[in-house]
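The file entry10.cif comes next; it holds mmCIF, C-alpha atoms and all ligand atoms.
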data_data
#
loop_
_atom_site.label_atom_id
_atom_site.label_comp_id
_atom_site.auth_asym_id
_atom_site.auth_seq_id
_atom_site.Cartn_x
_atom_site.Cartn_y
_atom_site.Cartn_z
CA MET A 43 -45.26 -36.17 38.26
CA THR A 44 -44.63 -36.83 34.62
CA PRO A 45 -41.61 -34.98 33.30
CA THR A 46 -42.27 -32.23 30.82
CA PRO A 47 -41.14 -33.40 27.41
CA THR A 48 -38.18 -31.51 25.97
CA PRO A 49 -39.39 -29.60 22.91
CA THR A 50 -37.77 -30.63 19.66
CA PRO A 51 -35.70 -27.69 18.49
CA THR A 52 -37.17 -26.13 15.39
CA GLN A 53 -34.62 -25.75 12.63
CA THR A 54 -34.62 -22.10 11.67
CA PRO A 55 -32.47 -21.62 8.60
CA ALA A 56 -29.51 -19.33 9.24
CA LEU A 57 -30.12 -15.88 7.80
CA SER A 58 -27.68 -14.63 5.21
CA LEU A 59 -25.66 -11.61 6.28
CA ALA A 60 -27.52 -9.44 3.78
CA ASP A 61 -30.89 -10.54 5.21
CA ALA A 62 -29.74 -10.18 8.81
CA ALA A 63 -28.37 -6.70 8.10
CA ASP A 64 -31.49 -5.46 6.28
CA LEU A 65 -32.36 -2.21 8.05
CA ASN A 66 -36.03 -2.42 7.04
CA GLN A 67 -36.72 -5.38 9.28
CA ALA A 68 -37.64 -5.09 12.94
CA PRO A 69 -36.29 -5.97 15.34
CA ILE A 70 -32.75 -6.15 13.98
CA ASP A 71 -30.52 -8.70 15.69
CA VAL A 72 -27.39 -6.58 15.95
CA THR A 73 -25.45 -9.26 17.84
CA ALA A 74 -26.17 -11.81 15.12
CA VAL A 75 -24.87 -9.44 12.44
CA LEU A 76 -21.67 -8.70 14.35
CA ASP A 77 -21.20 -12.42 15.09
CA HIS A 78 -21.65 -13.15 11.41
CA LEU A 79 -18.98 -10.64 10.38
CA THR A 80 -16.41 -11.76 12.94
CA ARG A 81 -17.07 -15.44 12.20
CA GLU A 82 -16.50 -14.87 8.48
CA ALA A 83 -13.34 -12.84 9.11
CA ASP A 84 -11.98 -15.46 11.53
CA ALA A 85 -12.70 -18.24 9.03
CA ALA A 86 -10.94 -16.36 6.20
CA ALA A 87 -7.87 -15.39 8.26
CA ALA A 88 -6.04 -18.73 7.96
CA THR A 89 -6.12 -18.71 4.16
CA SER A 90 -5.77 -14.97 3.56
CA ILE A 91 -2.36 -14.78 1.92
CA GLY A 92 -3.13 -12.90 -1.29
CA PHE A 93 -3.34 -9.29 -0.04
CA PRO A 94 -0.70 -7.19 1.63
CA GLY A 95 -2.01 -6.50 5.14
CA ALA A 96 0.36 -7.40 7.99
CA VAL A 97 -1.44 -9.30 10.76
CA ASP A 98 1.16 -9.30 13.54
CA VAL A 99 0.67 -5.84 15.08
CA ASP A 100 -1.50 -5.99 18.21
CA GLN A 101 -3.76 -2.93 18.32
CA THR A 102 -6.31 -4.13 20.86
CA GLU A 103 -5.28 -1.55 23.48
CA VAL A 104 -5.65 1.42 21.14
CA MET A 105 -8.95 0.13 19.77
CA ALA A 106 -10.28 -0.52 23.28
CA ARG A 107 -9.22 2.84 24.71
CA LEU A 108 -9.69 5.18 21.76
CA GLY A 109 -12.06 3.27 19.47
CA GLY A 110 -15.30 4.53 21.04
CA ARG A 111 -14.82 8.25 20.40
CA LEU A 112 -14.50 10.63 17.50
CA TRP A 113 -10.90 11.77 17.01
CA ASN A 114 -11.01 14.31 14.21
CA ASN A 115 -7.71 15.73 12.91
CA ILE A 116 -9.56 18.15 10.64
CA GLY A 117 -7.34 20.52 8.67
CA ASP A 118 -3.57 20.73 8.56
CA PRO A 119 -1.66 18.46 10.98
CA GLN A 120 0.47 21.43 12.07
CA ASP A 121 -2.58 23.37 13.32
CA PRO A 122 -2.95 23.35 17.11
CA GLY A 123 -6.62 22.44 16.54
CA ALA A 124 -9.52 22.56 18.95
CA GLY A 125 -11.66 19.58 19.95
CA THR A 126 -10.66 15.97 20.36
CA HIS A 127 -7.85 15.04 18.00
CA THR A 128 -4.56 13.16 17.77
CA ARG A 129 -2.53 15.71 15.78
CA ALA A 130 0.44 15.38 18.15
CA LEU A 131 0.62 11.66 17.31
CA GLU A 132 0.09 12.39 13.62
CA ARG A 133 3.03 14.82 13.62
CA ALA A 134 5.16 12.19 15.38
CA VAL A 135 4.25 9.60 12.72
CA ILE A 136 5.09 12.00 9.89
CA ALA A 137 8.42 12.90 11.54
CA TRP A 138 9.36 9.22 12.04
CA VAL A 139 8.54 8.20 8.47
CA ALA A 140 10.29 11.30 7.07
CA ASP A 141 13.34 10.54 9.26
CA ILE A 142 13.71 6.92 8.11
CA LEU A 143 13.53 8.22 4.54
CA ALA A 144 16.22 10.86 5.28
CA MET A 145 13.81 13.56 4.07
CA PRO A 146 15.39 17.00 4.62
CA ALA A 147 14.11 18.47 7.90
CA ASP A 148 13.82 21.94 6.39
CA ASP A 149 11.73 20.86 3.40
CA ARG A 150 9.18 18.36 4.63
CA TRP A 151 5.43 18.27 5.02
CA GLY A 152 2.96 15.43 5.29
CA TYR A 153 -0.21 14.08 6.81
CA VAL A 154 -2.02 10.85 7.62
CA THR A 155 -4.35 9.99 4.76
CA THR A 156 -7.16 7.52 4.14
CA GLY A 157 -4.66 5.30 2.26
CA GLY A 158 -2.16 5.10 -0.55
CA THR A 159 -4.75 6.34 -3.04
CA GLU A 160 -5.29 9.64 -1.23
CA GLY A 161 -1.53 10.06 -0.83
CA ASN A 162 -1.08 9.65 -4.58
CA LEU A 163 -3.88 12.10 -5.31
CA SER A 164 -2.59 14.69 -2.85
CA ALA A 165 0.96 14.48 -4.23
CA LEU A 166 -0.11 14.59 -7.87
CA HIS A 167 -2.45 17.50 -7.08
CA ALA A 168 0.47 19.47 -5.62
CA ALA A 169 2.73 18.58 -8.55
CA HIS A 170 0.06 19.43 -11.12
CA ARG A 171 -0.62 22.83 -9.53
CA ARG A 172 3.07 23.67 -9.91
CA HIS A 173 3.25 22.28 -13.45
CA PRO A 174 -0.26 22.64 -14.92
CA THR A 175 0.87 21.71 -18.44
CA ALA A 176 2.89 18.68 -17.34
CA ARG A 177 2.30 15.25 -18.79
CA ILE A 178 1.97 12.57 -16.10
CA TYR A 179 3.95 9.44 -16.95
CA TYR A 180 3.19 6.12 -15.23
CA SER A 181 3.75 2.51 -16.16
CA THR A 182 1.29 -0.24 -17.01
CA ALA A 183 2.25 -1.83 -13.67
CA ALA A 184 1.23 1.31 -11.72
CA HIS A 185 -1.74 1.03 -9.36
CA TYR A 186 -5.14 1.98 -10.75
CA SER A 187 -5.25 4.97 -8.39
CA ILE A 188 -2.72 6.72 -10.64
CA PRO A 189 -4.79 6.93 -13.85
CA LYS A 190 -7.76 7.74 -11.61
CA ALA A 191 -5.89 10.70 -10.09
CA VAL A 192 -4.83 11.84 -13.57
CA LYS A 193 -8.51 11.84 -14.59
CA ILE A 194 -9.67 13.65 -11.44
CA LEU A 195 -7.06 16.36 -12.03
CA GLY A 196 -8.01 16.72 -15.70
CA ALA A 197 -4.33 16.15 -16.56
CA ARG A 198 -2.78 14.35 -19.50
CA GLY A 199 -1.44 10.90 -18.73
CA VAL A 200 1.14 8.97 -20.72
CA LEU A 201 1.23 5.21 -20.28
CA ILE A 202 4.71 3.64 -20.22
CA GLY A 203 5.40 -0.04 -20.76
CA ALA A 204 6.60 -2.33 -18.00
CA ARG A 205 8.90 -5.34 -18.24
CA PRO A 206 7.51 -8.79 -17.44
CA ASP A 207 8.94 -8.52 -13.92
CA GLY A 208 6.89 -5.34 -13.35
CA GLU A 209 9.65 -2.70 -13.51
CA MET A 210 9.23 0.33 -15.76
CA ASP A 211 10.61 0.16 -19.31
CA TYR A 212 13.01 3.12 -19.19
CA ALA A 213 13.73 3.04 -22.93
CA HIS A 214 10.00 3.45 -23.57
CA LEU A 215 9.87 6.27 -21.03
CA ALA A 216 12.77 7.99 -22.81
CA GLY A 217 11.00 7.74 -26.17
CA GLN A 218 7.75 9.15 -24.77
CA VAL A 219 9.49 12.00 -22.91
CA ARG A 220 11.49 12.87 -26.02
CA LYS A 221 8.27 13.28 -28.01
CA ARG A 222 6.80 15.60 -25.36
CA ARG A 223 9.92 17.41 -24.20
CA ARG A 224 8.37 20.86 -24.55
CA TRP A 225 6.13 20.09 -21.55
CA PRO A 226 7.19 19.46 -17.97
CA ALA A 227 7.00 15.87 -16.77
CA ILE A 228 5.46 14.42 -13.64
CA VAL A 229 6.70 10.84 -13.40
CA VAL A 230 5.18 8.28 -11.05
CA ALA A 231 7.60 5.55 -10.02
CA THR A 232 6.30 2.61 -8.00
CA ALA A 233 8.18 1.14 -5.06
CA GLY A 234 6.43 -2.21 -4.80
CA THR A 235 4.08 -2.74 -7.74
CA THR A 236 0.78 -4.34 -6.89
CA LEU A 237 1.33 -7.64 -8.68
CA THR A 238 5.08 -8.37 -8.48
CA GLU A 239 6.41 -5.82 -5.93
CA ALA A 240 8.82 -4.45 -8.54
CA VAL A 241 10.65 -1.23 -7.70
CA ASP A 242 11.18 1.42 -10.37
CA ASP A 243 14.61 3.04 -10.41
CA SER A 244 14.31 6.77 -9.75
CA THR A 245 17.94 7.38 -10.73
CA ARG A 246 17.25 6.04 -14.21
CA ILE A 247 14.05 8.09 -14.41
CA GLN A 248 15.95 11.25 -13.38
CA GLY A 249 18.55 10.35 -16.00
CA VAL A 250 15.86 10.30 -18.70
CA LEU A 251 14.49 13.69 -17.59
CA ASN A 252 17.97 15.25 -17.44
CA GLU A 253 18.96 13.84 -20.81
CA HIS A 254 15.99 15.59 -22.42
CA GLY A 255 16.26 18.76 -20.33
CA VAL A 256 12.74 18.27 -18.96
CA ALA A 257 11.80 19.78 -15.61
CA GLY A 258 9.10 18.36 -13.40
CA HIS A 259 8.29 16.23 -10.40
CA LEU A 260 9.06 12.67 -9.40
CA HIS A 261 6.43 11.00 -7.23
CA ILE A 262 6.99 7.59 -5.62
CA ASP A 263 3.98 5.40 -5.01
CA ALA A 264 5.46 3.34 -2.18
CA ALA A 265 2.17 1.96 -0.82
CA LEU A 266 3.60 -1.43 0.13
CA SER A 267 7.38 -1.14 0.15
CA GLY A 268 7.95 2.41 1.41
CA ILE A 269 8.64 1.54 5.05
CA PRO A 270 10.70 -1.67 4.55
CA LEU A 271 12.85 -0.15 1.79
CA ALA A 272 13.40 3.01 3.84
CA LEU A 273 14.51 0.87 6.80
CA ASP A 274 17.00 -0.87 4.47
CA GLY A 275 18.32 2.53 3.34
CA ARG A 276 17.28 1.65 -0.22
CA LEU A 277 14.54 4.27 -0.53
CA ARG A 278 15.80 7.75 0.30
CA PHE A 279 13.98 11.06 0.08
CA ASP A 280 17.14 13.16 0.43
CA ASP A 281 18.17 16.08 -1.76
CA ALA A 282 20.33 13.89 -4.01
CA GLY A 283 17.46 11.71 -5.25
CA GLY A 284 15.29 14.42 -6.81
CA ILE A 285 12.10 12.96 -5.36
CA GLY A 286 9.22 15.40 -4.77
CA SER A 287 6.71 13.22 -2.93
CA ILE A 288 6.06 9.74 -1.54
CA ALA A 289 2.80 8.00 -0.65
CA ILE A 290 2.63 4.97 1.68
CA SER A 291 -0.27 2.81 2.88
CA GLY A 292 -0.65 2.39 6.65
CA HIS A 293 -2.64 -0.84 6.61
CA LYS A 294 -0.05 -2.75 4.60
CA PHE A 295 3.40 -3.11 6.22
CA LEU A 296 2.40 -1.26 9.42
CA GLY A 297 -0.73 -3.42 9.69
CA ALA A 298 -3.19 -0.74 10.86
CA PRO A 299 -6.64 -2.30 11.37
CA THR A 300 -8.25 0.48 9.36
CA PRO A 301 -7.35 1.77 5.88
CA CYS A 302 -4.94 4.70 6.20
CA GLY A 303 -1.63 5.98 4.90
CA VAL A 304 1.01 8.67 4.92
CA ALA A 305 1.60 11.35 2.30
CA LEU A 306 4.97 13.11 2.32
CA ILE A 307 5.49 16.11 0.05
CA ARG A 308 8.36 18.57 -0.03
CA ASP A 309 7.26 21.73 1.77
CA SER A 310 8.52 23.77 -1.16
CA VAL A 311 6.21 21.84 -3.50
CA ARG A 312 3.05 21.20 -1.51
CA THR A 313 -0.26 23.01 -1.86
CA HIS A 314 -0.65 25.88 0.60
CA GLY A 315 -4.35 25.99 1.42
CA SER A 316 -6.50 28.83 2.66
CA HIS A 317 -7.63 29.42 6.21
CA VAL A 318 -11.13 28.17 7.05
CA ALA A 319 -12.75 30.45 9.60
CA TYR A 320 -15.24 28.12 11.21
CA THR A 321 -12.78 25.26 11.79
CA ASP A 322 -9.87 27.67 12.41
CA THR A 323 -7.62 25.40 10.36
CA VAL A 324 -5.76 25.61 7.07
CA ASP A 325 -7.23 23.53 4.25
CA THR A 326 -4.20 21.64 2.94
CA THR A 327 -5.47 18.06 2.86
CA ILE A 328 -7.71 16.23 0.37
CA THR A 329 -10.41 15.41 2.92
CA GLY A 330 -11.57 17.93 5.53
CA SER A 331 -12.36 15.78 8.56
CA ARG A 332 -9.58 13.22 9.01
CA CYS A 333 -9.37 10.05 11.06
CA GLY A 334 -7.43 10.72 14.25
CA LEU A 335 -7.80 7.07 15.26
CA ALA A 336 -5.74 6.05 12.19
CA ALA A 337 -2.94 8.40 13.25
CA ALA A 338 -3.03 6.89 16.77
CA LEU A 339 -2.87 3.35 15.35
CA LEU A 340 0.13 4.19 13.17
CA TRP A 341 1.82 5.92 16.09
CA HIS A 342 1.22 2.86 18.29
CA ALA A 343 2.58 0.44 15.63
CA ILE A 344 5.74 2.54 15.42
CA ALA A 345 6.08 3.18 19.16
CA THR A 346 5.74 -0.48 20.12
CA HIS A 347 8.23 -1.85 17.56
CA GLY A 348 10.68 0.95 16.78
CA ARG A 349 13.10 0.90 13.85
CA GLU A 350 14.77 -2.33 14.88
CA GLY A 351 11.48 -4.12 15.49
CA HIS A 352 10.21 -3.14 12.05
CA ARG A 353 13.50 -4.16 10.42
CA TRP A 354 13.16 -7.55 12.08
CA ARG A 355 9.54 -7.89 10.86
CA ALA A 356 10.65 -7.14 7.29
CA SER A 357 13.53 -9.58 7.50
CA GLU A 358 11.33 -12.41 8.85
CA ALA A 359 8.75 -11.80 6.12
CA ARG A 360 11.41 -11.91 3.39
CA THR A 361 12.82 -15.12 4.83
CA LEU A 362 9.34 -16.67 4.66
CA ALA A 363 8.94 -15.43 1.06
CA ALA A 364 12.25 -17.10 0.10
CA TYR A 365 11.11 -20.30 1.81
CA THR A 366 7.83 -20.14 -0.14
CA VAL A 367 9.63 -19.82 -3.49
CA TYR A 368 11.79 -22.81 -2.58
CA GLN A 369 8.87 -24.98 -1.49
CA LEU A 370 6.66 -24.11 -4.46
CA THR A 371 9.47 -24.74 -6.93
CA ALA A 372 10.27 -28.06 -5.23
CA ALA A 373 6.58 -28.98 -5.59
CA GLY A 374 6.82 -28.41 -9.36
CA TRP A 375 5.13 -25.02 -9.28
CA PRO A 376 7.75 -22.53 -10.56
CA ALA A 377 7.59 -19.42 -8.40
CA TRP A 378 9.82 -16.33 -8.19
CA ARG A 379 10.24 -13.11 -6.26
CA HIS A 380 12.30 -9.95 -6.36
CA PRO A 381 15.03 -10.32 -3.72
CA HIS A 382 13.65 -7.48 -1.56
CA ALA A 383 10.03 -8.64 -1.88
CA PHE A 384 7.40 -10.23 0.34
CA THR A 385 5.47 -11.06 -2.84
CA VAL A 386 5.83 -14.50 -4.43
CA VAL A 387 4.67 -14.73 -8.05
CA LEU A 388 3.44 -18.06 -9.40
CA PRO A 389 1.44 -19.53 -12.27
CA THR A 390 -2.25 -19.24 -11.41
CA PRO A 391 -3.39 -22.42 -9.64
CA PRO A 392 -6.72 -24.11 -10.39
CA GLU A 393 -9.86 -22.28 -9.26
CA PRO A 394 -10.48 -24.19 -5.97
CA VAL A 395 -6.95 -23.44 -4.70
CA ARG A 396 -7.11 -19.84 -5.89
CA LYS A 397 -10.47 -19.25 -4.20
CA LYS A 398 -9.57 -21.03 -0.96
CA TRP A 399 -6.35 -19.03 -0.53
CA LEU A 400 -7.82 -15.71 -1.71
CA LEU A 401 -5.04 -15.26 -4.25
CA ALA A 402 -4.69 -12.05 -6.20
CA THR A 403 -4.75 -13.09 -9.85
CA ASP A 404 -4.14 -11.44 -13.19
CA GLY A 405 -4.71 -14.00 -15.95
CA ASP A 406 -2.11 -16.76 -15.82
CA THR A 407 -0.15 -15.09 -13.00
CA SER A 408 -1.07 -14.99 -9.32
CA HIS A 409 0.72 -13.89 -6.20
CA ILE A 410 0.78 -14.49 -2.52
CA ILE A 411 2.28 -11.97 -0.13
CA CYS A 412 4.23 -13.16 2.89
CA MET A 413 3.35 -10.21 5.08
CA PRO A 414 4.52 -10.15 8.70
CA GLY A 415 2.25 -12.46 10.68
CA ILE A 416 1.83 -15.07 7.92
CA THR A 417 3.25 -18.35 9.22
CA ARG A 418 5.26 -21.25 7.82
CA GLY A 419 2.29 -23.48 8.69
CA GLN A 420 0.04 -21.48 6.35
CA ILE A 421 2.64 -21.67 3.57
CA ASP A 422 3.09 -25.43 4.07
CA ALA A 423 -0.69 -25.97 3.87
CA PHE A 424 -0.87 -23.84 0.72
CA VAL A 425 2.00 -25.72 -0.92
CA ALA A 426 0.36 -29.04 -0.01
CA ASP A 427 -2.87 -27.93 -1.75
CA ILE A 428 -0.87 -26.83 -4.80
CA ALA A 429 1.18 -30.04 -4.87
CA ALA A 430 -2.06 -32.05 -5.04
CA THR A 431 -2.99 -30.42 -8.36
CA ALA A 432 -1.59 -31.10 -11.83
CA PRO A 433 1.60 -29.10 -12.49
CA PRO A 434 1.08 -25.83 -14.38
CA ARG A 435 1.75 -25.21 -18.01
CA PRO A 436 5.14 -23.53 -17.96
CA ILE A 437 4.97 -19.75 -18.27
CA PRO A 438 8.16 -17.85 -18.99
CA ARG A 439 9.82 -16.60 -15.85
CA PRO A 440 10.97 -12.98 -16.28
CA ARG A 441 14.69 -12.38 -16.27
CA LEU A 442 15.38 -10.19 -13.25
CA SER A 443 17.79 -7.40 -14.05
CA PRO A 444 21.05 -7.54 -12.09
CA GLU A 445 20.18 -4.31 -10.32
CA SER A 446 16.65 -5.40 -9.33
CA PRO A 447 17.44 -6.14 -5.69
CA THR A 448 18.79 -2.68 -5.07
CA SER A 449 17.07 -0.65 -7.72
CA ALA A 450 14.95 1.19 -5.20
CA PRO A 451 14.17 4.78 -6.03
CA GLY A 452 16.84 7.09 -4.70
CA HIS A 453 19.68 4.91 -5.89
C1 LIG A 501 1.24 0.15 -5.61
C2 LIG A 501 -0.01 0.56 -4.92
N1 LIG A 501 -0.34 1.85 -4.88
C3 LIG A 501 -1.45 2.28 -4.27
C4 LIG A 501 -2.30 1.40 -3.64
C5 LIG A 501 -3.54 1.91 -3.03
O1 LIG A 501 -3.42 1.92 -1.68
P1 LIG A 501 -4.71 2.04 -0.75
O2 LIG A 501 -5.46 0.77 -0.93
O3 LIG A 501 -4.08 2.23 0.59
O4 LIG A 501 -5.47 3.24 -1.19
C6 LIG A 501 -2.00 0.03 -3.65
C7 LIG A 501 -2.88 -0.93 -2.99
O5 LIG A 501 -2.86 -2.10 -3.16
C8 LIG A 501 -0.83 -0.40 -4.30
O6 LIG A 501 -0.49 -1.70 -4.36
#
Now that the file is in, can you turn its structure into structure tokens?
Amino acid sequence: MTPTPTPTPTQTPALSLADAADLNQAPIDVTAVLDHLTREADAAAATSIGFPGAVDVDQTEVMARLGGRLWNNIGDPQDPGAGTHTRALERAVIAWVADILAMPADDRWGYVTTGGTEGNLSALHAAHRRHPTARIYYSTAAHYSIPKAVKILGARGVLIGARPDGEMDYAHLAGQVRKRRRWPAIVVATAGTTLTEAVDDSTRIQGVLNEHGVAGHLHIDAALSGIPLALDGRLRFDDAGGIGSIAISGHKFLGAPTPCGVALIRDSVRTHGSHVAYTDTVDTTITGSRCGLAAALLWHAIATHGREGHRWRASEARTLAAYTVYQLTAAGWPAWRHPHAFTVVLPTPPEPVRKKWLLATDGDTSHIICMPGITRGQIDAFVADIAATAPPRPIPRPRLSPESPTSAPGH
């Protein structure tokens, strides 16, 4: 018998993800699309050091056991709620975060949001309802969700300058508040600005408001640094600090594998919603249906590490950030960081390095963020790529104020 010849494999060109995912074709190769996505994400993981998502929290058990169902925490987290939900875990998360911030037990409220943006909107909504004529002050280093919230609320925003290291210019704030002292002030301070991880000083902000006899509300956008600074005792939501609300992202330091966050607002300040008959819940949150899986993921991240575990994660990440500054500077690429920060700021490298390492860039400045889970090996490979390029044109390094390391809001 003559053997059957092996057919030469025909070379079918690989479909792009957009073509493979086109819902108008039939049949759709679902496995190929999912393979494509996971392959791309796996390939990007080793060089993903520009954005602040921790990658060391193992959530496979929660995703495997809860990920296939709808967990809907619709309405207020305090409602007993019918249906399948994780409100008990959500309340535990809110209590833990409020506790590490020393938020007064008799004046606290909060919920698990879709992210830092929703937390900012919810807090500013509550503040604006109490002070409808208030001007909302925020710095040029504030996240873009702040001016967006100001627009959504139809409020009046006042842009305040920021120093080169990213911290608010308090003298400029004082001048702007003085001009508008007949109106209440809602001031947004950032604890961990997006580009340099600078922390605005809420004591100085309160000082400006007191000096001009202006009442209002102080909101802290602590998307990145809220948890680590609270664990250090450097961000406190106690009665002494005069803070009215704090928003934190859940997919940043706590590493949730889905966008989410925590909004904390003083109970005496927050919006009291109306009862909705058909859901039998009180409408106090920005979105109606809310992701119960996100609350479970945050709960699991906290339950499996505890305060000490999270302190250790922050400390390891800061040690790696210090190492990165040292190595980059030794390679002729002058880098700097705030002493509390995971973020390392450096002159923008040439395009191929920037693209490969997915750096966040703003003109001649870029940053990498040594989030928990980033390794020394990744940093060494990045520094080697940088060292192989021509040294940067020197850009002035900002002078860090002496109080920068401890100028967290609340102090
Ligand atoms: C300072 C700051 N605030 C708010 C946000 C928005 O957070 P989210 O992406 O969770 O909505 C970010 C995100 O990068 C941020 O850096």
Name the residues in contact with Thr155 of chain A at a cut-off of 12 Å, using all atoms listed in the file, excluding same-chain residues fewer than 3 positions from it; report them as a PDB file with C-alpha atoms, in the frame of the given file.
ATOM      1  CA  ASN A 115      -7.710  15.730  12.910  1.00  0.00           C
ATOM      2  CA  ILE A 116      -9.560  18.150  10.640  1.00  0.00           C
ATOM      3  CA  GLY A 117      -7.340  20.520   8.670  1.00  0.00           C
ATOM      4  CA  ASP A 118      -3.570  20.730   8.560  1.00  0.00           C
ATOM      5  CA  PRO A 119      -1.660  18.460  10.980  1.00  0.00           C
ATOM      6  CA  GLU A 132       0.090  12.390  13.620  1.00  0.00           C
ATOM      7  CA  VAL A 135       4.250   9.600  12.720  1.00  0.00           C
ATOM      8  CA  ILE A 136       5.090  12.000   9.890  1.00  0.00           C
ATOM      9  CA  GLY A 152       2.960  15.430   5.290  1.00  0.00           C
ATOM     10  CA  GLY A 158      -2.160   5.100  -0.550  1.00  0.00           C
ATOM     11  CA  THR A 159      -4.750   6.340  -3.040  1.00  0.00           C
ATOM     12  CA  GLU A 160      -5.290   9.640  -1.230  1.00  0.00           C
ATOM     13  CA  GLY A 161      -1.530  10.060  -0.830  1.00  0.00           C
ATOM     14  CA  ASN A 162      -1.080   9.650  -4.580  1.00  0.00           C
ATOM     15  CA  LEU A 163      -3.880  12.100  -5.310  1.00  0.00           C
ATOM     16  CA  SER A 164      -2.590  14.690  -2.850  1.00  0.00           C
ATOM     17  CA  ALA A 165       0.960  14.480  -4.230  1.00  0.00           C
ATOM     18  CA  ALA A 265       2.170   1.960  -0.820  1.00  0.00           C
ATOM     19  CA  ALA A 289       2.800   8.000  -0.650  1.00  0.00           C
ATOM     20  CA  ILE A 290       2.630   4.970   1.680  1.00  0.00           C
ATOM     21  CA  SER A 291      -0.270   2.810   2.880  1.00  0.00           C
ATOM     22  CA  GLY A 292      -0.650   2.390   6.650  1.00  0.00           C
ATOM     23  CA  HIS A 293      -2.640  -0.840   6.610  1.00  0.00           C
ATOM     24  CA  THR A 300      -8.250   0.480   9.360  1.00  0.00           C
ATOM     25  CA  PRO A 301      -7.350   1.770   5.880  1.00  0.00           C
ATOM     26  CA  CYS A 302      -4.940   4.700   6.200  1.00  0.00           C
ATOM     27  CA  GLY A 303      -1.630   5.980   4.900  1.00  0.00           C
ATOM     28  CA  VAL A 304       1.010   8.670   4.920  1.00  0.00           C
ATOM     29  CA  ALA A 305       1.600  11.350   2.300  1.00  0.00           C
ATOM     30  CA  LEU A 306       4.970  13.110   2.320  1.00  0.00           C
ATOM     31  CA  THR A 326      -4.200  21.640   2.940  1.00  0.00           C
ATOM     32  CA  THR A 327      -5.470  18.060   2.860  1.00  0.00           C
ATOM     33  CA  ILE A 328      -7.710  16.230   0.370  1.00  0.00           C
ATOM     34  CA  THR A 329     -10.410  15.410   2.920  1.00  0.00           C
ATOM     35  CA  GLY A 330     -11.570  17.930   5.530  1.00  0.00           C
ATOM     36  CA  SER A 331     -12.360  15.780   8.560  1.00  0.00           C
ATOM     37  CA  ARG A 332      -9.580  13.220   9.010  1.00  0.00           C
ATOM     38  CA  CYS A 333      -9.370  10.050  11.060  1.00  0.00           C
ATOM     39  CA  GLY A 334      -7.430  10.720  14.250  1.00  0.00           C
ATOM     40  CA  LEU A 335      -7.800   7.070  15.260  1.00  0.00           C
ATOM     41  CA  ALA A 336      -5.740   6.050  12.190  1.00  0.00           C
ATOM     42  CA  ALA A 337      -2.940   8.400  13.250  1.00  0.00           C
ATOM     43  CA  LEU A 340       0.130   4.190  13.170  1.00  0.00           C
TER      44      LEU A 340
END
In Å and to one decimal, atom CA of Gly351 of chain A is distant from atom CA of Ser267 of chain A by 16.2 Å
Out of A:Val192, A:Ile269, A:Ala204, A:Ala134, which residue has the shortest atom-to-atom distance to Tyr153 of chain A when counting only C-alpha atoms?
->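 Smallest separation from Tyr153 of chain A among the options: A:Ala134.
Using all atoms listed in the file, the contacts of Val425 of chain A at a cut-off of 12 Å, with sequence neighbours closer than 4 positions omitted, comprise Thr89, Tyr365, Thr366, Val367, Tyr368, Gln369, Leu370, Thr371, Ala372, Ala373, Gly374, Trp375, Pro376, Ala377, Leu388, Pro391, Val395, Arg396, Trp399, Ile410, Arg418, Gly419, Gln420, Ile421, Ala429, Ala430 and Thr431 of chain A.
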Atom-to-atom span, atom CA of Asp84 of chain A and atom CA of Ala96 of chain A, Å = 15.2 Å
May I have the residues within 9 Å of Ala216 of chain A as number ranges by chain, using all atoms listed in the file and disregarding those fewer than 6 positions away in the same chain?
-> A: 247, 250-251, 253-254
Restricted to C-alpha atoms, what would the selected residues look like written as a CSV table (one decimal), keeping the file's coordinate frame?
chain,number,residue,atom,x,y,z
A,247,ILE,CA,14.0,8.1,-14.4
A,250,VAL,CA,15.9,10.3,-18.7
A,251,LEU,CA,14.5,13.7,-17.6
A,253,GLU,CA,19.0,13.8,-20.8
A,254,HIS,CA,16.0,15.6,-22.4
Contacts of segment 70-81 of chain A at 12 Å or less, counting only C-alpha atoms, minus same-chain residues fewer than 6 places along, as an NGL selection string?
-> :A and (56-64 or 87)
Just C-alpha atoms for this one: save the residues we selected as a PDB file, in the frame of the given file.
ATOM      1  CA  ALA A  56     -29.510 -19.330   9.240  1.00  0.00           C
ATOM      2  CA  LEU A  57     -30.120 -15.880   7.800  1.00  0.00           C
ATOM      3  CA  SER A  58     -27.680 -14.630   5.210  1.00  0.00           C
ATOM      4  CA  LEU A  59     -25.660 -11.610   6.280  1.00  0.00           C
ATOM      5  CA  ALA A  60     -27.520  -9.440   3.780  1.00  0.00           C
ATOM      6  CA  ASP A  61     -30.890 -10.540   5.210  1.00  0.00           C
ATOM      7  CA  ALA A  62     -29.740 -10.180   8.810  1.00  0.00           C
ATOM      8  CA  ALA A  63     -28.370  -6.700   8.100  1.00  0.00           C
ATOM      9  CA  ASP A  64     -31.490  -5.460   6.280  1.00  0.00           C
ATOM     10  CA  ALA A  87      -7.870 -15.390   8.260  1.00  0.00           C
TER      11      ALA A  87
END
Nearest to Val230 of chain A, restricted to all atoms listed in the file and choosing among A:Arg177, A:His214, A:Arg107, A:Arg278, comes out as A:Arg177
Can you tell me, as JSON, the centre and edge lengths (Å, one decimal) of the axis-aligned box enclosing all of ligand LIG 501 (chain A)'s listed atoms after padding each side by 3 Å?
{"center_x": -2.1, "center_y": 0.6, "center_z": -2.5, "size_x": 12.7, "size_y": 11.3, "size_z": 12.2}
Skip Ile285 of chain A itself and residues of its chain fewer than 3 positions away, then list as a PyMOL selection string all residues within 7 Å of it, counting all atoms listed in the file.
-> chain A and resi 260-261+279
Go ahead and save the residues from that selection, with C-alpha atoms, as a compact mmCIF listing (two decimals), keeping the file's coordinate frame.
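Generated output (again.txt):
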# COMPACT_ATOMS: atom_id res chain seq x y z
CA LEU A 260 9.06 12.67 -9.40
CA HIS A 261 6.43 11.00 -7.23
CA PHE A 279 13.98 11.06 0.08
